[in-house]
$ cat entry_27.pdb   # PDB, C-alpha atoms and all ligand atoms
MODEL        1
ATOM      1  CA  MET A   1     -17.742  -0.024 -17.617  1.00  0.00           C
ATOM      2  CA  ILE A   2     -15.861   3.000 -16.382  1.00  0.00           C
ATOM      3  CA  GLU A   3     -15.875   5.816 -18.830  1.00  0.00           C
ATOM      4  CA  GLY A   4     -12.511   6.694 -20.298  1.00  0.00           C
ATOM      5  CA  LEU A   5     -10.842   3.405 -19.365  1.00  0.00           C
ATOM      6  CA  GLU A   6     -11.018   1.837 -22.805  1.00  0.00           C
ATOM      7  CA  PRO A   7      -8.149  -0.435 -23.835  1.00  0.00           C
ATOM      8  CA  VAL A   8      -5.245   1.397 -25.458  1.00  0.00           C
ATOM      9  CA  PRO A   9      -2.945  -0.159 -28.061  1.00  0.00           C
ATOM     10  CA  LEU A  10       0.501  -0.635 -26.549  1.00  0.00           C
ATOM     11  CA  GLN A  11       1.980   0.751 -29.781  1.00  0.00           C
ATOM     12  CA  GLU A  12       0.214   4.001 -29.039  1.00  0.00           C
ATOM     13  CA  LEU A  13       1.732   4.179 -25.576  1.00  0.00           C
ATOM     14  CA  ARG A  14       5.126   3.434 -27.061  1.00  0.00           C
ATOM     15  CA  VAL A  15       4.878   6.222 -29.649  1.00  0.00           C
ATOM     16  CA  LEU A  16       3.743   8.630 -26.964  1.00  0.00           C
ATOM     17  CA  GLY A  17       7.092   8.277 -25.209  1.00  0.00           C
ATOM     18  CA  ALA A  18       5.621   9.656 -21.978  1.00  0.00           C
ATOM     19  CA  PRO A  19       3.402   8.302 -19.234  1.00  0.00           C
ATOM     20  CA  SER A  20      -0.338   8.171 -19.823  1.00  0.00           C
ATOM     21  CA  TYR A  21      -2.707   9.086 -17.010  1.00  0.00           C
ATOM     22  CA  TRP A  22      -6.249   8.014 -16.309  1.00  0.00           C
ATOM     23  CA  THR A  23      -8.709   9.229 -13.743  1.00  0.00           C
ATOM     24  CA  VAL A  24     -10.865   6.442 -12.396  1.00  0.00           C
ATOM     25  CA  GLU A  25     -14.411   7.255 -11.352  1.00  0.00           C
ATOM     26  CA  GLY A  26     -17.184   4.747 -11.842  1.00  0.00           C
ATOM     27  CA  HIS A  27     -18.431   1.234 -11.311  1.00  0.00           C
ATOM     28  CA  LEU A  28     -16.738  -1.884 -12.624  1.00  0.00           C
ATOM     29  CA  ASP A  29     -18.828  -4.523 -14.377  1.00  0.00           C
ATOM     30  CA  GLN A  30     -16.980  -7.397 -12.725  1.00  0.00           C
ATOM     31  CA  LEU A  31     -16.949  -6.061  -9.165  1.00  0.00           C
ATOM     32  CA  THR A  32     -20.056  -4.724  -7.509  1.00  0.00           C
ATOM     33  CA  SER A  33     -19.256  -1.812  -5.245  1.00  0.00           C
ATOM     34  CA  LEU A  34     -21.396   0.488  -3.093  1.00  0.00           C
ATOM     35  CA  THR A  35     -19.431   3.556  -4.008  1.00  0.00           C
ATOM     36  CA  PRO A  36     -17.790   4.298  -7.345  1.00  0.00           C
ATOM     37  CA  VAL A  37     -14.228   3.116  -7.761  1.00  0.00           C
ATOM     38  CA  ARG A  38     -12.109   6.240  -7.460  1.00  0.00           C
ATOM     39  CA  GLY A  39      -8.478   6.916  -8.066  1.00  0.00           C
ATOM     40  CA  GLN A  40      -5.952   7.280 -10.784  1.00  0.00           C
ATOM     41  CA  LEU A  41      -3.494   5.259 -12.725  1.00  0.00           C
ATOM     42  CA  LYS A  42      -0.505   5.827 -14.873  1.00  0.00           C
ATOM     43  CA  ALA A  43       1.168   3.633 -17.474  1.00  0.00           C
ATOM     44  CA  GLU A  44       4.520   4.180 -19.070  1.00  0.00           C
ATOM     45  CA  HIS A  45       5.963   2.229 -21.976  1.00  0.00           C
ATOM     46  CA  ARG A  46       9.645   1.544 -21.413  1.00  0.00           C
ATOM     47  CA  GLY A  47      10.614  -0.598 -24.361  1.00  0.00           C
ATOM     48  CA  ASN A  48      10.244  -4.125 -23.117  1.00  0.00           C
ATOM     49  CA  VAL A  49       8.176  -3.360 -20.059  1.00  0.00           C
ATOM     50  CA  LEU A  50       5.091  -1.388 -19.196  1.00  0.00           C
ATOM     51  CA  ILE A  51       5.193   0.268 -15.784  1.00  0.00           C
ATOM     52  CA  VAL A  52       1.769   0.704 -14.276  1.00  0.00           C
ATOM     53  CA  ASP A  53       1.096   2.642 -11.075  1.00  0.00           C
ATOM     54  CA  GLY A  54      -2.234   3.287  -9.516  1.00  0.00           C
ATOM     55  CA  GLU A  55      -4.117   4.333  -6.418  1.00  0.00           C
ATOM     56  CA  LEU A  56      -7.636   3.084  -6.072  1.00  0.00           C
ATOM     57  CA  SER A  57     -10.372   2.883  -3.498  1.00  0.00           C
ATOM     58  CA  THR A  58     -13.964   1.815  -3.216  1.00  0.00           C
ATOM     59  CA  ILE A  59     -16.386   0.285  -0.719  1.00  0.00           C
ATOM     60  CA  VAL A  60     -17.868  -3.141  -1.246  1.00  0.00           C
ATOM     61  CA  ASN A  61     -20.605  -4.967   0.598  1.00  0.00           C
ATOM     62  CA  LEU A  62     -19.533  -8.393   1.811  1.00  0.00           C
ATOM     63  CA  CYS A  63     -21.239 -11.246   3.601  1.00  0.00           C
ATOM     64  CA  CYS A  64     -19.570 -12.265   6.869  1.00  0.00           C
ATOM     65  CA  ASP A  65     -18.505 -15.923   6.899  1.00  0.00           C
ATOM     66  CA  HIS A  66     -19.296 -16.211  10.612  1.00  0.00           C
ATOM     67  CA  CYS A  67     -22.614 -14.453  11.201  1.00  0.00           C
ATOM     68  CA  LEU A  68     -23.712 -14.316   7.536  1.00  0.00           C
ATOM     69  CA  GLY A  69     -24.482 -10.632   8.026  1.00  0.00           C
ATOM     70  CA  GLN A  70     -23.773  -8.020   5.381  1.00  0.00           C
ATOM     71  CA  TYR A  71     -21.124  -5.475   6.114  1.00  0.00           C
ATOM     72  CA  ASN A  72     -19.255  -2.776   4.256  1.00  0.00           C
ATOM     73  CA  HIS A  73     -15.596  -3.098   3.602  1.00  0.00           C
ATOM     74  CA  GLN A  74     -13.242  -0.539   2.177  1.00  0.00           C
ATOM     75  CA  LEU A  75     -10.852  -1.618  -0.541  1.00  0.00           C
ATOM     76  CA  ARG A  76      -7.871   0.629  -0.944  1.00  0.00           C
ATOM     77  CA  CYS A  77      -4.661   0.001  -2.782  1.00  0.00           C
ATOM     78  CA  SER A  78      -1.617   1.680  -4.045  1.00  0.00           C
ATOM     79  CA  SER A  79      -0.014  -0.635  -6.560  1.00  0.00           C
ATOM     80  CA  SER A  80       2.769  -0.646  -8.999  1.00  0.00           C
ATOM     81  CA  GLU A  81       3.348  -3.357 -11.477  1.00  0.00           C
ATOM     82  CA  LEU A  82       5.744  -4.182 -14.253  1.00  0.00           C
ATOM     83  CA  ILE A  83       4.260  -5.932 -17.231  1.00  0.00           C
ATOM     84  CA  TRP A  84       6.616  -7.632 -19.605  1.00  0.00           C
ATOM     85  CA  LEU A  85       5.960  -6.799 -23.241  1.00  0.00           C
ATOM     86  CA  GLY A  86       6.638  -9.917 -25.211  1.00  0.00           C
ATOM     87  CA  GLN A  87       4.860 -12.907 -26.652  1.00  0.00           C
ATOM     88  CA  SER A  88       6.349 -15.152 -24.023  1.00  0.00           C
ATOM     89  CA  PRO A  89       7.705 -14.561 -20.534  1.00  0.00           C
ATOM     90  CA  PRO A  90      11.221 -13.088 -20.492  1.00  0.00           C
ATOM     91  CA  THR A  91      14.321 -15.257 -20.434  1.00  0.00           C
ATOM     92  CA  GLU A  92      16.946 -14.930 -17.687  1.00  0.00           C
ATOM     93  CA  GLU A  93      19.129 -12.982 -20.083  1.00  0.00           C
ATOM     94  CA  GLU A  94      16.391 -10.543 -21.067  1.00  0.00           C
ATOM     95  CA  LEU A  95      15.634  -9.954 -17.419  1.00  0.00           C
ATOM     96  CA  GLN A  96      19.248  -9.211 -16.616  1.00  0.00           C
ATOM     97  CA  ASN A  97      19.501  -6.787 -19.514  1.00  0.00           C
ATOM     98  CA  SER A  98      16.531  -4.766 -18.368  1.00  0.00           C
ATOM     99  CA  GLU A  99      17.396  -2.095 -15.844  1.00  0.00           C
ATOM    100  CA  ASP A 100      13.789  -1.488 -14.928  1.00  0.00           C
ATOM    101  CA  ILE A 101      13.273  -5.075 -13.992  1.00  0.00           C
ATOM    102  CA  ALA A 102      16.530  -5.422 -12.129  1.00  0.00           C
ATOM    103  CA  ALA A 103      15.293  -2.624  -9.887  1.00  0.00           C
ATOM    104  CA  MET A 104      12.018  -4.326  -9.085  1.00  0.00           C
ATOM    105  CA  GLU A 105      10.866  -7.758  -8.281  1.00  0.00           C
ATOM    106  CA  GLY A 106       7.667  -9.476  -9.168  1.00  0.00           C
ATOM    107  CA  LEU A 107       7.038  -9.456 -12.860  1.00  0.00           C
ATOM    108  CA  ALA A 108       3.485 -10.631 -12.750  1.00  0.00           C
ATOM    109  CA  GLU A 109       2.244 -10.500 -16.270  1.00  0.00           C
ATOM    110  CA  CYS A 110       3.167 -10.438 -19.859  1.00  0.00           C
ATOM    111  CA  LEU A 111       1.368  -8.725 -22.715  1.00  0.00           C
ATOM    112  CA  ASP A 112       1.731  -9.081 -26.449  1.00  0.00           C
ATOM    113  CA  PRO A 113       3.400  -5.814 -27.543  1.00  0.00           C
ATOM    114  CA  ARG A 114       1.037  -5.664 -30.520  1.00  0.00           C
ATOM    115  CA  GLY A 115      -1.961  -5.935 -28.228  1.00  0.00           C
ATOM    116  CA  ASP A 116      -3.726  -3.542 -25.873  1.00  0.00           C
ATOM    117  CA  PHE A 117      -3.304  -2.417 -22.326  1.00  0.00           C
ATOM    118  CA  ASP A 118      -6.693  -2.475 -20.609  1.00  0.00           C
ATOM    119  CA  PRO A 119      -6.739   0.013 -17.716  1.00  0.00           C
ATOM    120  CA  GLN A 120     -10.120  -1.184 -16.521  1.00  0.00           C
ATOM    121  CA  GLN A 121      -8.960  -4.788 -16.325  1.00  0.00           C
ATOM    122  CA  TRP A 122      -5.924  -3.643 -14.360  1.00  0.00           C
ATOM    123  CA  VAL A 123      -8.136  -1.712 -11.925  1.00  0.00           C
ATOM    124  CA  PHE A 124     -10.328  -4.762 -11.463  1.00  0.00           C
ATOM    125  CA  GLU A 125      -7.364  -7.059 -10.826  1.00  0.00           C
ATOM    126  CA  GLN A 126      -5.825  -4.745  -8.247  1.00  0.00           C
ATOM    127  CA  LEU A 127      -9.066  -4.357  -6.305  1.00  0.00           C
ATOM    128  CA  ASN A 128      -9.887  -8.019  -6.600  1.00  0.00           C
ATOM    129  CA  LEU A 129      -6.551  -8.824  -4.954  1.00  0.00           C
ATOM    130  CA  GLN A 130      -7.599  -6.669  -2.001  1.00  0.00           C
ATOM    131  CA  LEU A 131     -10.691  -8.713  -1.271  1.00  0.00           C
ATOM    132  CA  PRO A 132     -10.272 -10.580   2.008  1.00  0.00           C
ATOM    133  CA  VAL A 133      -9.766 -14.339   1.846  1.00  0.00           C
ATOM    134  CA  VAL A 134     -12.004 -14.732   4.876  1.00  0.00           C
ATOM    135  CA  ASN A 135     -14.903 -12.320   5.288  1.00  0.00           C
ATOM    136  CA  HIS A 136     -15.215 -11.166   8.876  1.00  0.00           C
ATOM    137  CA  CYS A 137     -17.492  -8.277   9.786  1.00  0.00           C
ATOM    138  CA  GLY A 138     -15.399  -7.169  12.752  1.00  0.00           C
ATOM    139  CA  GLU A 139     -14.943  -7.439  16.500  1.00  0.00           C
ATOM    140  CA  HIS A 140     -18.630  -6.938  17.110  1.00  0.00           C
ATOM    141  CA  CYS A 141     -19.449 -10.029  15.025  1.00  0.00           C
ATOM    142  CA  PRO A 142     -22.285 -11.839  16.800  1.00  0.00           C
ATOM    143  CA  GLY A 143     -21.021 -15.216  15.608  1.00  0.00           C
ATOM    144  CA  PRO A 144     -22.939 -17.940  13.831  1.00  0.00           C
ATOM    145  CA  PRO A 145     -26.623 -17.128  13.404  1.00  0.00           C
ATOM    146  CA  ILE A 146     -29.278 -18.895  15.448  1.00  0.00           C
ATOM    147  CA  ARG A 147     -31.196 -21.294  13.273  1.00  0.00           C
ATOM    148  CA  PRO A 148     -34.135 -19.358  11.810  1.00  0.00           C
ATOM    149  CA  GLU A 149     -36.832 -21.513  13.431  1.00  0.00           C
ATOM    150  CA  ALA A 150     -35.194 -21.156  16.844  1.00  0.00           C
ATOM    151  CA  ALA A 151     -34.966 -17.379  16.388  1.00  0.00           C
ATOM    152  CA  VAL A 152     -38.631 -17.163  15.511  1.00  0.00           C
ATOM    153  CA  GLN A 153     -39.562 -19.216  18.558  1.00  0.00           C
ATOM    154  CA  ALA A 154     -37.408 -17.137  20.857  1.00  0.00           C
ATOM    155  CA  SER A 155     -39.044 -13.883  19.810  1.00  0.00           C
ATOM    156  CA  ALA A 156     -42.610 -15.021  19.183  1.00  0.00           C
ATOM    157  CA  GLU A 157     -45.172 -14.388  21.917  1.00  0.00           C
ATOM    158  CA  PRO A 158     -46.990 -16.267  23.203  1.00  0.00           C
ATOM    159  CA  LEU A 159     -44.596 -19.195  23.280  1.00  0.00           C
ATOM    160  CA  ASP A 160     -45.655 -22.550  22.053  1.00  0.00           C
ATOM    161  CA  PRO A 161     -46.001 -24.567  25.278  1.00  0.00           C
ATOM    162  CA  ARG A 162     -43.877 -27.366  23.868  1.00  0.00           C
ATOM    163  CA  TRP A 163     -41.040 -24.916  23.314  1.00  0.00           C
ATOM    164  CA  ALA A 164     -41.573 -23.337  26.711  1.00  0.00           C
ATOM    165  CA  ALA A 165     -41.033 -26.765  28.238  1.00  0.00           C
ATOM    166  CA  LEU A 166     -37.822 -27.153  26.291  1.00  0.00           C
ATOM    167  CA  ARG A 167     -36.628 -23.728  27.338  1.00  0.00           C
ATOM    168  CA  GLY A 168     -37.291 -24.612  30.929  1.00  0.00           C
ATOM    169  CA  LEU A 169     -34.976 -27.570  30.539  1.00  0.00           C
ATOM    170  CA  GLN A 170     -32.253 -25.404  29.023  1.00  0.00           C
ATOM    171  CA  GLN A 171     -32.327 -22.808  31.780  1.00  0.00           C
ATOM    172  CA  PRO A 172     -30.414 -23.662  34.939  1.00  0.00           C
TER     173      PRO A 172
HETATM  174 ZN    ZN B 201     -19.965 -11.367  11.409  1.00  0.00          ZN
ENDMDL
END
$ encode --input "entry_27.pdb" --output "C-alpha cells"
Amino acid sequence: MIEGLEPVPLQELRVLGAPSYWTVEGHLDQLTSLTPVRGQLKAEHRGNVLIVDGELSTIVNLCCDHCLGQYNHQLRCSSSELIWLGQSPPTEEELQNSEDIAAMEGLAECLDPRGDFDPQQWVFEQLNLQLPVVNHCGEHCPGPPIRPEAAVQASAEPLDPRWAALRGLQQP
C-alpha cells in the first residue's frame, strides 16, 4: 500500500472542479519491486470522463526465460488515459458529443460515477502493462542453463572416472 494513494470518490473530484495531484513513493502490494515506485499522477474530472496522467518508474527483479537467471529491469512509463464515467460503456452518440474523447483515442475503462477512483490501482495497471511479455536478461544472456548434475560434474574435482570417459568421447 502506498501512502496517500487511497481511493477517492469521483463525486469529490467532480466538486473540486480542478485536477488532483498525487505523489507516488512506495511499494505496491500487487507488484514486487526492488526500488519504491516513484512518480506522480494527476486526475481531472471532466463531466463524463476522467482524464488521468501519470509518470512512474521503478525497478523490478525478473527471471530470464532463457537462462533462468535473475536480472533487474527498469519499468518506466508516461501514460495518459481517459476513463468513461458511466454505468455502461458510452454509446456512439455519447462519444461523438464528448470533445475530450473526440480528441483522443483509446477509451480503455469505464467507472461508475458514484464510485471511487483508485490511484494505486491505476499505478499498478500502468506498470503491469510495462512488464515484458518475454523476459530476456540481455545480450550477455548465457542461454539455457546446463543441467544441474552436469554442472556439478564439470566443476567437481576430482572427476568421477566414468564421467571423465564420457568427456573424452565428447572432446574432438
Ligand atoms: Zn538470460
$ closest_residue --input "entry_27.pdb" --among "A:Gly4, A:Gly138, A:Gly86, A:Gly26" --to "Cys63 of chain A" --atoms "all atoms listed in the file"
A:Gly138
$ closest_residue --input "entry_27.pdb" --among "A:Arg76, A:Arg147, A:Arg114, A:His66" --to "ligand ZN 201 (chain B)" --atoms "only C-alpha atoms and all ligand atoms"
A:His66
$ residues_around --input "entry_27.pdb" --residues "Cys141 of chain A" --least-positions-apart "3" --cutoff "12 Å" --atoms "only C-alpha atoms" --output "PyMOL selection string"
chain A and resi 63-71+135-138+144-145
$ residues_around --input "entry_27.pdb" --residues "segment 14-25 of chain A" --least-positions-apart "5" --cutoff "10 Å" --atoms "all atoms listed in the file" --output "MDAnalysis selection string"
chainID A and resid 2:5 9 35:48 50:58 113 119:120 123
$ atom_distance --input "entry_27.pdb" --atom1 "atom CA of Leu129 of chain A" --atom2 "atom CA of Cys110 of chain A"
17.9 Å
$ atom_distance --input "entry_27.pdb" --atom1 "atom CA of Thr32 of chain A" --atom2 "atom CA of Ile59 of chain A"
9.2 Å
$ closest_residue --input "entry_27.pdb" --among "A:Glu125, A:Glu139, A:Asp118, A:Asp29" --to "ligand ZN 201 (chain B)" --atoms "all atoms listed in the file"
A:Glu139
$ closest_residue --input "entry_27.pdb" --among "A:Asp116, A:His73, A:Leu95, A:Trp84" --to "Gln11 of chain A" --atoms "only C-alpha atoms"
A:Asp116
$ closest_residue --input "entry_27.pdb" --among "A:Leu28, A:Leu111, A:Val49, A:Val134" --to "ligand ZN 201 (chain B)" --atoms "only C-alpha atoms and all ligand atoms"
A:Val134
$ atom_distance --input "entry_27.pdb" --atom1 "atom CA of Gln87 of chain A" --atom2 "atom CA of Glu109 of chain A"
11.0 Å
$ closest_residue --input "entry_27.pdb" --among "A:Leu34, A:Leu127, A:Val60, A:Leu13" --to "Ser79 of chain A" --atoms "only C-alpha atoms"
A:Leu127
